[in-house]
Each structure stands twice: as structure tokens, then as C-alpha cells.
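Undergrad: See entry.txt below, with compact mmCIF, C-alpha atoms (C1' of nucleotides) and all ligand atoms.
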# COMPACT_ATOMS: atom_id res chain seq x y z
CA MET K 1 -52.15 -4.90 -45.99
CA ILE K 2 -54.67 -7.51 -45.06
CA ARG K 3 -57.97 -7.21 -46.84
CA ASN K 4 -61.25 -8.62 -45.61
CA LEU K 5 -62.83 -11.65 -47.18
CA THR K 6 -65.75 -10.93 -49.44
CA GLU K 7 -68.91 -12.93 -48.91
CA GLN K 8 -67.94 -14.89 -52.02
CA ASP K 9 -64.56 -15.72 -50.60
CA LYS K 10 -66.13 -16.86 -47.34
CA GLU K 11 -68.53 -19.10 -49.19
CA HIS K 12 -65.73 -20.50 -51.26
CA LEU K 13 -63.75 -21.30 -48.12
CA GLN K 14 -66.72 -22.76 -46.29
CA GLU K 15 -67.86 -24.87 -49.19
CA ALA K 16 -64.45 -26.36 -49.85
CA LEU K 17 -63.86 -27.14 -46.20
CA VAL K 18 -67.29 -28.57 -45.48
CA LYS K 19 -67.20 -30.59 -48.66
CA SER K 20 -64.14 -32.40 -47.35
CA GLY K 21 -65.56 -32.81 -43.85
CA GLN K 22 -63.72 -29.99 -42.14
CA LYS K 23 -64.64 -26.86 -40.29
CA VAL K 24 -64.26 -23.18 -40.74
CA THR K 25 -62.15 -21.87 -37.87
CA PRO K 26 -60.85 -18.40 -37.06
CA GLN K 27 -57.32 -19.55 -37.80
CA ARG K 28 -58.29 -20.94 -41.19
CA GLU K 29 -60.12 -17.75 -42.03
CA ALA K 30 -57.11 -15.67 -41.04
CA VAL K 31 -54.71 -17.74 -43.12
CA PHE K 32 -57.04 -17.75 -46.09
CA THR K 33 -57.45 -13.99 -45.80
CA VAL K 34 -53.69 -13.56 -45.90
CA LEU K 35 -53.49 -15.66 -49.04
CA LEU K 36 -56.14 -13.65 -50.83
CA SER K 37 -54.84 -10.27 -49.70
CA GLU K 38 -51.58 -10.31 -51.60
CA ARG K 39 -51.26 -12.81 -54.31
CA ASP K 40 -47.50 -12.88 -54.23
CA HIS K 41 -46.98 -16.59 -53.49
CA PRO K 42 -45.85 -16.26 -49.88
CA THR K 43 -43.86 -18.88 -48.02
CA VAL K 44 -45.18 -20.44 -44.83
CA ASP K 45 -43.15 -17.98 -42.78
CA GLU K 46 -44.48 -15.05 -44.72
CA VAL K 47 -48.03 -16.25 -44.24
CA PHE K 48 -47.28 -16.78 -40.56
CA ASN K 49 -45.92 -13.28 -40.04
CA ARG K 50 -48.74 -11.60 -41.92
CA ALA K 51 -51.42 -13.60 -40.18
CA ARG K 52 -50.02 -12.85 -36.74
CA GLU K 53 -50.66 -9.16 -37.32
CA VAL K 54 -54.32 -9.93 -37.17
CA MET K 55 -54.23 -12.96 -34.87
CA PRO K 56 -51.21 -12.68 -32.57
CA GLY K 57 -51.61 -16.04 -30.84
CA LEU K 58 -51.50 -18.02 -34.07
CA SER K 59 -48.83 -20.69 -34.16
CA LEU K 60 -46.54 -21.72 -36.97
CA ALA K 61 -47.75 -25.30 -36.65
CA THR K 62 -51.27 -24.13 -37.31
CA VAL K 63 -50.21 -22.24 -40.40
CA TYR K 64 -48.64 -25.44 -41.69
CA ASN K 65 -51.83 -27.29 -40.83
CA CYS K 66 -54.13 -24.75 -42.45
CA LEU K 67 -52.13 -24.62 -45.63
CA GLU K 68 -52.01 -28.40 -45.83
CA THR K 69 -55.76 -28.48 -45.34
CA PHE K 70 -56.29 -25.91 -48.07
CA VAL K 71 -54.12 -27.84 -50.48
CA GLY K 72 -56.01 -31.00 -49.61
CA CYS K 73 -59.39 -29.48 -50.42
CA GLY K 74 -58.19 -27.68 -53.52
CA LEU K 75 -58.30 -24.12 -52.24
CA VAL K 76 -54.66 -23.37 -52.95
CA ARG K 77 -51.73 -24.80 -54.86
CA GLN K 78 -48.24 -25.41 -53.62
CA VAL K 79 -45.50 -23.88 -55.71
CA ASN K 80 -41.98 -25.20 -55.51
CA HIS K 81 -38.87 -23.86 -57.22
CA GLU K 82 -35.80 -26.00 -56.87
CA ARG K 83 -35.31 -26.62 -53.16
CA GLU K 84 -36.55 -23.32 -51.83
CA SER K 85 -39.30 -23.09 -49.26
CA THR K 86 -42.70 -24.01 -50.58
CA ARG K 87 -44.89 -21.12 -51.62
CA TYR K 88 -48.68 -20.96 -51.77
CA CYS K 89 -50.95 -19.73 -54.52
CA PRO K 90 -54.72 -19.22 -54.34
CA ASN K 91 -55.08 -18.73 -58.10
CA LEU K 92 -57.14 -21.70 -59.22
CA ALA K 93 -57.04 -20.93 -62.93
CA PRO K 94 -54.56 -23.04 -64.88
CA HIS K 95 -51.37 -21.06 -64.91
CA ALA K 96 -47.61 -21.37 -64.97
CA HIS K 97 -45.12 -19.64 -62.70
CA PHE K 98 -42.37 -17.25 -63.60
CA ARG K 99 -39.62 -16.82 -61.08
CA ASP K 100 -37.55 -13.65 -61.31
CA LYS K 101 -33.93 -14.63 -60.81
CA GLU K 102 -33.03 -11.20 -59.44
CA THR K 103 -35.88 -10.40 -57.11
CA GLY K 104 -37.12 -13.86 -56.31
CA GLN K 105 -40.65 -12.72 -57.06
CA VAL K 106 -43.06 -15.24 -58.51
CA HIS K 107 -45.50 -14.18 -61.21
CA ASP K 108 -48.51 -16.02 -62.54
CA ILE K 109 -48.51 -16.69 -66.28
CA GLU K 110 -51.82 -17.48 -67.88
CA LEU K 111 -51.94 -20.82 -69.64
CA PRO K 112 -54.15 -20.87 -72.75
CA PRO K 113 -55.98 -24.16 -73.28
CA GLU K 114 -54.32 -24.70 -76.64
CA VAL K 115 -50.91 -24.67 -74.98
CA MET K 116 -52.11 -27.17 -72.38
CA LYS K 117 -53.32 -29.34 -75.23
CA SER K 118 -50.07 -29.19 -77.13
CA LEU K 119 -48.31 -30.11 -73.91
CA ARG K 120 -50.54 -33.07 -73.25
CA SER K 121 -49.98 -34.18 -76.82
CA ILE K 122 -46.29 -34.76 -76.29
CA LEU K 123 -46.99 -37.63 -73.87
CA PRO K 124 -46.35 -41.01 -75.48
CA PRO K 125 -49.20 -43.53 -75.42
CA GLY K 126 -49.61 -45.11 -72.00
CA PHE K 127 -48.79 -41.94 -70.12
CA ASP K 128 -51.70 -40.26 -68.39
CA SER K 129 -51.10 -37.09 -66.50
CA GLU K 130 -53.40 -35.28 -64.10
CA VAL K 131 -51.07 -32.50 -63.13
CA ILE K 132 -48.73 -30.45 -65.27
CA GLU K 133 -46.35 -28.00 -63.64
CA ILE K 134 -44.65 -25.37 -65.73
CA SER K 135 -42.17 -22.93 -64.36
CA PHE K 136 -40.04 -20.32 -66.00
CA LEU K 137 -36.86 -18.89 -64.57
CA GLY K 138 -35.61 -15.58 -65.84
CA ARG K 139 -35.91 -11.87 -65.50
CA ALA K 140 -39.02 -9.76 -65.57
CA GLN K 141 -38.96 -6.04 -66.13
CA ALA K 142 -40.64 -4.70 -63.03
CA LYS K 143 -43.76 -3.10 -64.44
CA ASP K 144 -45.49 -2.58 -61.13
CA THR K 145 -44.99 -3.08 -57.46
CA HIS K 146 -47.39 -5.93 -56.89
CA SER K 147 -46.28 -9.39 -57.96
CA ASN K 148 -48.96 -11.68 -59.19
CA MET B 1 -25.22 -52.70 -63.54
CA ILE B 2 -22.50 -50.16 -64.00
CA ARG B 3 -21.37 -49.73 -67.57
CA ASN B 4 -18.02 -48.41 -68.68
CA LEU B 5 -17.62 -44.96 -70.12
CA THR B 6 -17.13 -44.88 -73.86
CA GLU B 7 -14.28 -42.79 -75.21
CA GLN B 8 -16.88 -40.24 -76.23
CA ASP B 9 -18.27 -40.07 -72.71
CA LYS B 10 -14.78 -39.62 -71.32
CA GLU B 11 -14.06 -36.80 -73.72
CA HIS B 12 -17.38 -35.18 -72.88
CA LEU B 13 -16.57 -35.32 -69.17
CA GLN B 14 -13.02 -34.10 -69.60
CA GLU B 15 -13.96 -31.27 -71.90
CA ALA B 16 -16.71 -29.94 -69.67
CA LEU B 17 -14.54 -30.13 -66.56
CA VAL B 18 -11.42 -28.63 -68.08
CA LYS B 19 -13.44 -25.91 -69.76
CA SER B 20 -14.55 -24.75 -66.34
CA GLY B 21 -11.10 -25.09 -64.80
CA GLN B 22 -11.57 -28.36 -62.98
CA LYS B 23 -9.98 -31.76 -63.06
CA VAL B 24 -10.96 -35.24 -63.99
CA THR B 25 -10.65 -37.37 -60.87
CA PRO B 26 -11.41 -41.03 -60.24
CA GLN B 27 -14.36 -40.03 -58.05
CA ARG B 28 -15.81 -37.80 -60.73
CA GLU B 29 -15.41 -40.54 -63.30
CA ALA B 30 -17.12 -43.01 -61.03
CA VAL B 31 -20.05 -40.73 -60.34
CA PHE B 32 -20.40 -39.82 -63.99
CA THR B 33 -20.31 -43.47 -64.93
CA VAL B 34 -23.13 -44.20 -62.52
CA LEU B 35 -25.22 -41.43 -64.04
CA LEU B 36 -24.75 -42.73 -67.58
CA SER B 37 -25.23 -46.37 -66.68
CA GLU B 38 -28.89 -46.16 -65.72
CA ARG B 39 -30.73 -43.11 -66.79
CA ASP B 40 -33.37 -43.39 -64.13
CA HIS B 41 -32.84 -40.05 -62.42
CA PRO B 42 -31.23 -41.31 -59.23
CA THR B 43 -31.13 -39.39 -55.98
CA VAL B 44 -27.82 -38.54 -54.35
CA ASP B 45 -28.14 -41.56 -52.10
CA GLU B 46 -28.83 -43.82 -55.03
CA VAL B 47 -25.80 -42.47 -56.86
CA PHE B 48 -23.77 -42.90 -53.70
CA ASN B 49 -24.78 -46.52 -53.19
CA ARG B 50 -24.21 -47.44 -56.81
CA ALA B 51 -20.87 -45.71 -57.00
CA ARG B 52 -19.63 -47.40 -53.85
CA GLU B 53 -19.95 -50.76 -55.55
CA VAL B 54 -17.10 -49.76 -57.78
CA MET B 55 -15.27 -47.38 -55.44
CA PRO B 56 -15.90 -48.46 -51.86
CA GLY B 57 -14.07 -45.59 -50.17
CA LEU B 58 -16.15 -42.92 -51.84
CA SER B 59 -17.86 -40.54 -49.45
CA LEU B 60 -21.33 -39.05 -49.58
CA ALA B 61 -19.86 -35.56 -49.38
CA THR B 62 -17.90 -36.24 -52.52
CA VAL B 63 -20.98 -37.42 -54.33
CA TYR B 64 -22.66 -34.14 -53.42
CA ASN B 65 -19.56 -32.29 -54.58
CA CYS B 66 -19.27 -34.15 -57.86
CA LEU B 67 -22.92 -33.69 -58.72
CA GLU B 68 -22.74 -29.99 -57.91
CA THR B 69 -19.68 -29.71 -60.12
CA PHE B 70 -21.44 -31.50 -62.95
CA VAL B 71 -24.46 -29.25 -62.68
CA GLY B 72 -22.17 -26.24 -62.67
CA CYS B 73 -20.46 -27.23 -65.87
CA GLY B 74 -23.64 -28.33 -67.61
CA LEU B 75 -23.04 -32.07 -67.60
CA VAL B 76 -26.23 -32.94 -65.78
CA ARG B 77 -29.52 -31.37 -64.74
CA GLN B 78 -31.12 -31.36 -61.35
CA VAL B 79 -34.68 -32.60 -61.26
CA ASN B 80 -36.96 -31.66 -58.40
CA HIS B 81 -40.49 -32.84 -57.77
CA GLU B 82 -42.27 -31.14 -54.94
CA ARG B 83 -40.02 -31.44 -51.90
CA GLU B 84 -38.57 -34.82 -52.59
CA SER B 85 -34.85 -35.44 -52.77
CA THR B 86 -33.19 -33.91 -55.78
CA ARG B 87 -32.61 -36.28 -58.66
CA TYR B 88 -30.00 -36.07 -61.41
CA CYS B 89 -30.38 -36.40 -65.14
CA PRO B 90 -27.58 -36.63 -67.73
CA ASN B 91 -29.94 -36.17 -70.67
CA LEU B 92 -28.92 -32.87 -72.19
CA ALA B 93 -31.61 -32.75 -74.85
CA PRO B 94 -34.54 -30.48 -74.00
CA HIS B 95 -37.06 -32.66 -72.28
CA ALA B 96 -39.79 -32.69 -69.67
CA HIS B 97 -40.20 -35.12 -66.80
CA PHE B 98 -43.01 -37.46 -66.08
CA ARG B 99 -43.32 -38.72 -62.57
CA ASP B 100 -45.28 -41.91 -62.01
CA LYS B 101 -47.47 -41.42 -58.96
CA GLU B 102 -47.50 -45.14 -58.20
CA THR B 103 -43.93 -46.22 -58.71
CA GLY B 104 -42.17 -42.90 -58.22
CA GLN B 105 -40.24 -43.52 -61.42
CA VAL B 106 -39.24 -40.54 -63.49
CA HIS B 107 -39.42 -40.71 -67.28
CA ASP B 108 -37.98 -38.35 -69.83
CA ILE B 109 -40.48 -36.84 -72.25
CA GLU B 110 -39.11 -35.43 -75.46
CA LEU B 111 -39.91 -31.76 -76.00
CA PRO B 112 -40.41 -30.79 -79.64
CA PRO B 113 -39.14 -27.32 -80.52
CA GLU B 114 -42.59 -26.17 -81.58
CA VAL B 115 -43.93 -26.89 -78.11
CA MET B 116 -41.06 -24.96 -76.56
CA LYS B 117 -41.92 -22.08 -78.87
CA SER B 118 -45.58 -22.09 -77.99
CA LEU B 119 -44.58 -22.09 -74.32
CA ARG B 120 -42.25 -19.18 -74.73
CA SER B 121 -44.99 -17.33 -76.56
CA ILE B 122 -47.24 -17.23 -73.52
CA LEU B 123 -44.84 -14.95 -71.66
CA PRO B 124 -46.08 -11.36 -71.56
CA PRO B 125 -43.75 -8.66 -72.89
CA GLY B 126 -40.98 -7.87 -70.44
CA PHE B 127 -40.57 -11.46 -69.31
CA ASP B 128 -37.43 -13.20 -70.49
CA SER B 129 -36.86 -16.76 -69.52
CA GLU B 130 -33.71 -18.84 -69.83
CA VAL B 131 -34.99 -21.99 -68.20
CA ILE B 132 -38.33 -23.72 -68.56
CA GLU B 133 -39.16 -26.68 -66.38
CA ILE B 134 -42.06 -28.90 -67.27
CA SER B 135 -43.16 -31.81 -65.17
CA PHE B 136 -46.07 -34.15 -65.45
CA LEU B 137 -47.52 -36.15 -62.61
CA GLY B 138 -49.61 -39.17 -63.39
CA ARG B 139 -49.52 -42.82 -64.22
CA ALA B 140 -47.49 -44.58 -66.84
CA GLN B 141 -48.26 -48.06 -68.05
CA ALA B 142 -45.06 -49.91 -67.36
CA LYS B 143 -43.92 -50.92 -70.80
CA ASP B 144 -40.50 -52.05 -69.82
CA THR B 145 -38.31 -52.44 -66.82
CA HIS B 146 -35.88 -49.62 -67.41
CA SER B 147 -37.03 -46.12 -66.63
CA ASN B 148 -35.78 -43.34 -68.78
C1' DT L 1 -72.50 -32.98 -16.66
C1' DA L 2 -69.34 -35.86 -19.04
C1' DA L 3 -67.58 -37.74 -23.24
C1' DT L 4 -66.08 -36.93 -27.71
C1' DC L 5 -63.51 -35.05 -31.24
C1' DA L 6 -61.55 -31.82 -34.50
C1' DG L 7 -58.41 -28.28 -34.21
C1' DT L 8 -54.59 -25.81 -32.12
C1' DT L 9 -50.26 -25.44 -29.96
C1' DA L 10 -45.16 -25.79 -28.38
C1' DG L 11 -41.55 -28.15 -28.85
C1' DA L 12 -38.96 -32.31 -30.35
C1' DA L 13 -37.51 -34.97 -34.21
C1' DT L 14 -36.31 -35.67 -39.06
C1' DG L 15 -33.50 -35.54 -42.98
C1' DA L 16 -31.74 -33.45 -47.32
C1' DG L 17 -28.46 -30.51 -48.04
C1' DT L 18 -24.50 -27.37 -46.67
C1' DC L 19 -20.45 -26.07 -44.20
C1' DT L 20 -15.97 -26.75 -41.86
C1' DA L 21 -11.64 -28.12 -41.05
C1' DA L 22 -8.41 -31.78 -41.58
C1' DT L 23 -6.20 -34.67 -44.82
C1' DC L 24 -4.80 -36.35 -49.39
C1' DC L 25 -2.43 -36.19 -53.63
C1' DG L 26 -0.63 -34.83 -58.22
C1' DC L 27 2.45 -31.71 -59.88
C1' DA L 28 5.94 -28.28 -60.34
C1' DA L 29 9.96 -25.57 -58.28
C1' DG L 30 14.05 -25.88 -56.01
C1' DC R 1 14.52 -36.62 -54.61
C1' DT R 2 12.26 -33.23 -51.20
C1' DT R 3 9.09 -29.53 -50.53
C1' DG R 4 5.26 -26.52 -51.25
C1' DC R 5 1.03 -25.52 -53.42
C1' DG R 6 -3.76 -25.90 -54.50
C1' DG R 7 -7.59 -28.42 -55.80
C1' DA R 8 -10.16 -32.49 -54.28
C1' DT R 9 -11.79 -35.58 -50.83
C1' DT R 10 -13.46 -36.80 -46.42
C1' DA R 11 -16.04 -37.24 -41.76
C1' DG R 12 -18.70 -35.12 -39.11
C1' DA R 13 -21.11 -30.97 -37.39
C1' DC R 14 -24.63 -27.94 -38.56
C1' DT R 15 -28.85 -25.77 -40.77
C1' DC R 16 -33.46 -25.21 -41.41
C1' DA R 17 -37.92 -26.34 -43.70
C1' DT R 18 -40.99 -29.61 -42.63
C1' DT R 19 -43.14 -33.32 -39.94
C1' DC R 20 -44.32 -35.48 -35.78
C1' DT R 21 -45.92 -35.90 -30.93
C1' DA R 22 -48.44 -35.20 -27.13
C1' DA R 23 -50.88 -31.97 -24.34
C1' DC R 24 -54.51 -28.76 -24.40
C1' DT R 25 -58.83 -26.11 -26.01
C1' DG R 26 -63.48 -25.53 -26.96
C1' DA R 27 -67.52 -26.66 -29.33
C1' DT R 28 -70.96 -30.27 -29.82
C1' DT R 29 -73.39 -34.39 -28.33
C1' DA R 30 -75.21 -38.08 -25.21
MN MN K 201 -47.34 -7.87 -61.63
MN MN K 202 -38.93 -46.64 -70.27
ZN ZN K 203 -49.67 -18.89 -58.95
ZN ZN K 204 -34.39 -36.27 -67.49
Would you give me this structure, written as C-alpha cells?
TA:
Amino acid sequence: MIRNLTEQDKEHLQEALVKSGQKVTPQREAVFTVLLSERDHPTVDEVFNRAREVMPGLSLATVYNCLETFVGCGLVRQVNHERESTRYCPNLAPHAHFRDKETGQVHDIELPPEVMKSLRSILPPGFDSEVIEISFLGRAQAKDTHSN
Amino acid sequence: MIRNLTEQDKEHLQEALVKSGQKVTPQREAVFTVLLSERDHPTVDEVFNRAREVMPGLSLATVYNCLETFVGCGLVRQVNHERESTRYCPNLAPHAHFRDKETGQVHDIELPPEVMKSLRSILPPGFDSEVIEISFLGRAQAKDTHSN
DNA sequence: TAATCAGTTAGAATGAGTCTAATCCGCAAG
DNA sequence: CTTGCGGATTAGACTCATTCTAACTGATTA
């Protein structure tokens, strides 16, 4: 189901867009709403299908555009596993991803700062990294029905 | 330049192939040789072009087939960064990958067991992971001309 | 009003990877 | 030797996520 954006969410969206010289549009709001409604790392097609429920005229091209815009202004992260379709994640906290081999579901795994530090410490001198991606592949006992 | 396989390398290849019910062929030897000659994580096309120097009739389809075979029998790893072409890595030791934003070069980063452990420890109960992928994106001061 | 301009849209193009069907070739049975 | 078999190789067709293009929309500005 598609939630409504809280005032906080709207401000977050507006601020990030305006800060990078772009506008809030109905399409961008719809796509952002979809992302925040179910934090299950949807693909572009999944976002497209969910968003059309609430905005039937929306085009796939626009979903690609919105998501690219959001990535550009730091509102969401892209998540890739092997060569599968790119998925999108609005969780801005540092976290890793766990991909369930059976179900395909993607779960967020919290990343404690001390682990980040120990990771950064394995880089030899001369290597400076801005982005670290960590992804697990395995099986998760389904504890609940939502997948975040 | 394309090295020659040592006896050890040949045995390694043969053992892994035979163990999974497949044969050593001239094409597979050529592709494997390319992978061991420069451990720079080549793409399929790069492998193809290098291998053709030594085996001109080789086809791209066969390079795809050989690499898939090697992955299947654990001789090499696939390395993906975002949606770029898949790269191939014959380094079987546990390691992470560092991708240089400027040059595109991929470097191996050794992964000490204690770091692996601390990573595994962040998984909540119920999550069991066989594979962990770690990749850094950033800039590396070019210390040398080879890229491993 | 007219010009401008970001955003949206449909559809074409791209390209890494996969699939298909024909051929090749080493080996073993006759 | 021939022949048959089965895995491997090959060229080319195909797929499909993503990117590109060019026309259109609609709000804002001169
Ligand atoms: Mn959950
Ligand atoms: Mn090096
Ligand atoms: Zn996430
Ligand atoms: Zn590697």
C-alpha cells in the first residue's frame, strides 16, 4: 500500500531537490512516496507499477529520470547485485545489504561505525575510498512479511 | 604480454575442470592463461582480445562459455561494479576490490580473517551468508603500472 | 503575449549477456 | 579404419535493462 508523505518527508524531498537546483514535481513526489512506502528495495519496474496506481499517466522514462535525480541529490542509493536490475533504497544510514538466495528479497543490515573503521583500515596507504559497498548473499529465516 | 602456464597452473586448471566433469581444451587453456597473465580484472572483451593474439580463431561466445565454466568450478570470481561489464578475477584468496574512480582500474585488497569475522558478526540471528562482497570506490595513488 | 526552460513522454537505440542451432572433434565401439 | 556419440565451439539471432532522442507540456519570466 502506498502511504502518504509526512511533512518531514516532504521537506526532505524539497530540500534535497532545491539544493541541487531542481524542482518538486508531482511525478517526483509520487516516486518518492513509493520508495518510502515499502522499503523493500524495488526495481525500476516495481516502482513504476506501484506509482502508476496513484498516477496512471506516469511513464517509465520518468521513473528512470526521477530515480536518477534522487540518486544525484543523495535521496536514495542504488543497490546492485551481480547483473540483476538495479534496486533503490531510501535508507540513508550506513548499511550493508543481505540478499536472500531463495526469495530474492533484500534486507538492510546495520553497519556499526567500528566495522566501517576496521574496513577502512585494510586499505593500503595511497588508497582513499569514499564509498564502501558491502553485500551478503545467503539465506534469511523469514521472521516477518516485510523486507527491510 | 601473455605468460605461459606453469605446471602448477595447468594442474590447477585440469583438476578443477575434471572434478566437475569437464575437459581441458585449447580454448580453455588460452583463456585461463590470459587471466593469469595480467591480474587486472579484465572484462570479457578484454579477455577476448588478449586471447585472440595467441589463438586467432577463438570466438567471443567461447570466451563467455569458458569464463562461465571457470566460475562454475571455482577457478575465477566474477567482479561487478554498478552496472559495468562483468570483470574476472583469478585470485582465490578472500579479498575485496578497490575501484579507482579516475582510471577505472580494479585493485585487490587483502581481507584479514578478523575483518571477515567482524563483518559476519553484524548479521542478525537467522541470517546466514555464504558470500560477502566488499567493494571500495575511490582514488588510488598510482604506485606502479600493473594493477592487481 | 511570447519566449524560455525544466520536466515529461513515447519510442528508438544501445550493448552486455544469453540462447540457438549448426558444426567440430576426440574417443570408443564395431 | 569407419562410424557414432557427446561435449565443446562457433556465428549470429535474440533479450531486456538502460540510455538516448526528439517532441511536447506547463509553469515562469520578459
Ligand atoms: Mn524484515
Ligand atoms: Mn598495483
Ligand atoms: Zn538498503
Ligand atoms: Zn580480485
Undergrad: Taking only C-alpha atoms into account, which residues of chain B are within 10 Å of chain K, as a ChimeraX atom specification?
TA: /B:78-86,96-101,107-112,114-116,118-143
Undergrad: Return the neighbours of chain K among the residues of chain L, cut-off 10 Å, counting only C-alpha atoms (C1' of nucleotides), as a PyMOL selection string.
TA: chain L and resi 6-10+16-17
Undergrad: Tell me, as an NGL selection string, which residues lie within 10 Å of DC24 of chain L, counting all atoms listed in the file; anything in the same chain fewer than 2 positions away does not count.
TA: (:L and (22 or 26)) or (:R and (8-10))
Undergrad: Using only C-alpha atoms and all ligand atoms, which of the listed residues (B:Asp45, B:Leu35, B:Tyr64, B:Lys117) sits closest to ligand ZN 204 (chain K)?
TA: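 Among the listed residues, B:Leu35 lies closest to ligand ZN 204 (chain K).
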Undergrad: One decimal, Å: what's the distance from atom CA of Thr33 of chain K over to atom CA of Glu46 of chain K, could you say?
TA: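 Atom CA of Glu46 of chain K lies at a distance of 13.1 Å from atom CA of Thr33 of chain K.
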Undergrad: Find the residue from R:DT28, R:DG7, R:DA13, R:DT19 that sits nearest to chain B; use all atoms listed in the file when measuring.
TA: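 Checking each candidate against chain B, we get R:DG7 as the closest.
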Undergrad: Write out as a VMD selection string each polymer residue whose atoms come within 12 Å of DA30 of chain R, counting all atoms listed in the file; drop sequence neighbours fewer than 6 positions from it.
TA: chain L and resid 1 to 4
Undergrad: Measuring between all atoms listed in the file, which one of K:Ala51, K:Val71, K:Val106, K:Val18 shows the shortest distance to ligand MN 201 (chain K)?
TA: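 Distance minimum relative to ligand MN 201 (chain K) lands on K:Val106.
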Undergrad: Tell me the residues of chain R close to chain K, meaning within 12 Å using only C-alpha atoms (C1' of nucleotides), as a PyMOL selection string.
TA: chain R and resi 16-20+26-27
Undergrad: Restricting the output to C-alpha atoms (C1' of nucleotides), write the selected residues as a PDB file, in the frame of the given file.
TA:
ATOM      1  C1'  DC R  16     -33.460 -25.210 -41.410  1.00  0.00           C
ATOM      2  C1'  DA R  17     -37.920 -26.340 -43.700  1.00  0.00           C
ATOM      3  C1'  DT R  18     -40.990 -29.610 -42.630  1.00  0.00           C
ATOM      4  C1'  DT R  19     -43.140 -33.320 -39.940  1.00  0.00           C
ATOM      5  C1'  DC R  20     -44.320 -35.480 -35.780  1.00  0.00           C
ATOM      6  C1'  DG R  26     -63.480 -25.530 -26.960  1.00  0.00           C
ATOM      7  C1'  DA R  27     -67.520 -26.660 -29.330  1.00  0.00           C
TER       8       DA R  27
END
Undergrad: Can you pull out the residues contacting Leu5 of chain K? Cut-off 9 Å, using all atoms listed in the file, and skip same-chain residues under 3 positions away; I want them as a compact mmCIF listing (two decimals) with C-alpha atoms, in the coordinates of the input.
TA:
# COMPACT_ATOMS: atom_id res chain seq x y z
CA GLN K 8 -67.94 -14.89 -52.02
CA ASP K 9 -64.56 -15.72 -50.60
CA LYS K 10 -66.13 -16.86 -47.34
CA GLU K 29 -60.12 -17.75 -42.03
CA PHE K 32 -57.04 -17.75 -46.09
CA THR K 33 -57.45 -13.99 -45.80
CA LEU K 36 -56.14 -13.65 -50.83
CA SER K 37 -54.84 -10.27 -49.70
Undergrad: Distance atom CA of Ala93 of chain B-atom ZN of ligand ZN 203 (chain K), one decimal place?
TA: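 We find that atom CA of Ala93 of chain B and atom ZN of ligand ZN 203 (chain K) lie 27.8 Å from each other.
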Undergrad: Would you kindly place N, CA and C atoms on segment 127-142 of chain B and return the model as an mmCIF file, keeping the file's coordinate frame?
TA:
data_model
loop_
_atom_site.group_PDB
_atom_site.id
_atom_site.type_symbol
_atom_site.label_atom_id
_atom_site.label_comp_id
_atom_site.auth_asym_id
_atom_site.auth_seq_id
_atom_site.Cartn_x
_atom_site.Cartn_y
_atom_site.Cartn_z
ATOM 1 N N PHE B 127 -41.017 -10.250 -69.988
ATOM 2 C CA PHE B 127 -40.570 -11.460 -69.310
ATOM 3 C C PHE B 127 -39.612 -12.216 -70.205
ATOM 4 N N ASP B 128 -38.402 -12.436 -69.711
ATOM 5 C CA ASP B 128 -37.430 -13.200 -70.490
ATOM 6 C C ASP B 128 -36.955 -14.382 -69.688
ATOM 7 N N SER B 129 -37.141 -15.550 -70.264
ATOM 8 C CA SER B 129 -36.860 -16.760 -69.520
ATOM 9 C C SER B 129 -35.745 -17.555 -70.164
ATOM 10 N N GLU B 130 -34.795 -18.000 -69.331
ATOM 11 C CA GLU B 130 -33.710 -18.840 -69.830
ATOM 12 C C GLU B 130 -34.042 -20.312 -69.650
ATOM 13 N N VAL B 131 -34.739 -20.597 -68.557
ATOM 14 C CA VAL B 131 -34.990 -21.990 -68.200
ATOM 15 C C VAL B 131 -36.483 -22.231 -68.089
ATOM 16 N N ILE B 132 -36.934 -23.301 -68.711
ATOM 17 C CA ILE B 132 -38.330 -23.720 -68.560
ATOM 18 C C ILE B 132 -38.343 -25.143 -68.030
ATOM 19 N N GLU B 133 -39.039 -25.332 -66.938
ATOM 20 C CA GLU B 133 -39.160 -26.680 -66.380
ATOM 21 C C GLU B 133 -40.587 -27.149 -66.553
ATOM 22 N N ILE B 134 -40.732 -28.349 -67.085
ATOM 23 C CA ILE B 134 -42.060 -28.900 -67.270
ATOM 24 C C ILE B 134 -42.104 -30.267 -66.620
ATOM 25 N N SER B 135 -43.061 -30.463 -65.736
ATOM 26 C CA SER B 135 -43.160 -31.810 -65.170
ATOM 27 C C SER B 135 -44.599 -32.259 -65.075
ATOM 28 N N PHE B 136 -44.767 -33.498 -65.480
ATOM 29 C CA PHE B 136 -46.070 -34.150 -65.450
ATOM 30 C C PHE B 136 -46.118 -35.056 -64.231
ATOM 31 N N LEU B 137 -47.303 -35.144 -63.656
ATOM 32 C CA LEU B 137 -47.520 -36.150 -62.610
ATOM 33 C C LEU B 137 -48.690 -36.997 -63.054
ATOM 34 N N GLY B 138 -48.512 -38.312 -62.974
ATOM 35 C CA GLY B 138 -49.610 -39.170 -63.390
ATOM 36 C C GLY B 138 -49.216 -40.628 -63.337
ATOM 37 N N ARG B 139 -49.834 -41.392 -64.211
ATOM 38 C CA ARG B 139 -49.520 -42.820 -64.220
ATOM 39 C C ARG B 139 -49.060 -43.246 -65.583
ATOM 40 N N ALA B 140 -48.016 -44.055 -65.589
ATOM 41 C CA ALA B 140 -47.490 -44.580 -66.840
ATOM 42 C C ALA B 140 -47.647 -46.084 -66.847
ATOM 43 N N GLN B 141 -48.221 -46.606 -67.933
ATOM 44 C CA GLN B 141 -48.260 -48.060 -68.050
ATOM 45 C C GLN B 141 -46.839 -48.566 -68.215
ATOM 46 N N ALA B 142 -46.428 -49.406 -67.293
ATOM 47 C CA ALA B 142 -45.060 -49.910 -67.360
ATOM 48 C C ALA B 142 -44.911 -50.749 -68.606
#
